[in-house]
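Novice: A single structure is presented below for examination.
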Amino acid sequence: MAMLATILITLFYGVESGILAGGLSLAIHLYRTSRPHAALVGRVPDSEHFRNIERHRAEVDERLAILCIDESLYFANSRYLEDTVLELLSLASIGASCNHIEPGMPFLRMSGLPSRDREDV
């Protein structure tokens with residue numbers, strides 16, 4: 001959508017306006033992808049599937065916190081994901097407001113990441 005708008009603005013208003021529109025679309029993209037969806041997941045009973053524990057009835061192991069990240073990891077969202085993991089670990093260590101997490105092993109489920117990104121983590 002933003003690409004089409006950039007092309008149309010370039011065609012009808014000129015190159016300078018098209019460059020500004022392209023910069024705006026880049027800023028919008030960075031803003032949207034800087035806070036990816038991350039959810040604690042658990043195993044759906046009697047299956048091998050894992051789902052968000054806030055949306056589905058799922059079994060959770062008290063010794064394990066599985067965090068599913070639904071976006072590619074890159075410079076714009078690395079700090080947000082780091083803060084999310086640290087918050088999860090602090091909740092687990094003090095046991096506050098999250099009665100299904102106890103101190104244990106964090107596990108990141110990064111199936112949304114391209115294989116090259118997973119190798120770099």
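Residue numbers start at 1 in each chain; chains themselves are named A, B, ... in the order of the structure tokens; ligands are numbered from 1 in the order shown.
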Pick out the residues sitting within 8 Å of Leu40 of chain A, and hand them over as a count of residues only; count only C-alpha atoms, and ignore anything fewer than 6 positions along from it in its own chain.
Specialist: 7
Novice: Can you list, as a ChimeraX atom specification, every protein, DNA or RNA residue that comes within 9 Å of Ile9 of chain A when you count only C-alpha atoms, leaving out same-chain residues fewer than 6 positions away?
Specialist: /A:15,17-18,21
Novice: I'd like the neighbourhood of Ala5 of chain A as an MDAnalysis selection string, where a residue qualifies if any of its atoms comes within 12 Å (using only C-alpha atoms), though same-chain residues fewer than 5 positions away should be ignored.
Specialist: chainID A and resid 10:13 17:25
Novice: Atom CA of Arg63 of chain A to atom CA of Ser78 of chain A: how many Å, to one decimal?
Specialist: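 We find that atom CA of Arg63 of chain A and atom CA of Ser78 of chain A lie 25.4 Å from each other.
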Novice: Apply DSSP to the backbone of this structure and, from segment 9-59 of chain A, keep only the residues in strand (DSSP E or B); write these as a list of chain:residue names.
Specialist: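 So the strand (DSSP E or B) residues in segment 9-59 of chain A would be A:Ala38, A:Ala39, A:Leu40, A:Val41, A:Gly42, A:Arg43, A:Phe50, A:Arg51, A:Asn52, A:Glu59.
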Novice: Using the chain letters and numbers from this document, which residues of segment 8-95 of chain A does DSSP assign to helix (DSSP H, G or I), as JSON, numbers by chain?
Specialist: {"A": [8, 9, 10, 11, 12, 13, 15, 16, 17, 18, 19, 20, 21, 22, 23, 24, 25, 26, 27, 28, 29, 30, 31, 32, 33, 78, 79, 80, 81, 82, 83, 84, 85, 86, 87, 88, 89, 90, 91, 92, 93, 94]}
Novice: Atom CA of Ala76 of chain A to atom CA of Leu64 of chain A: how many Å, to one decimal?
Specialist: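 Between atom CA of Ala76 of chain A and atom CA of Leu64 of chain A the gap is 27.6 Å.
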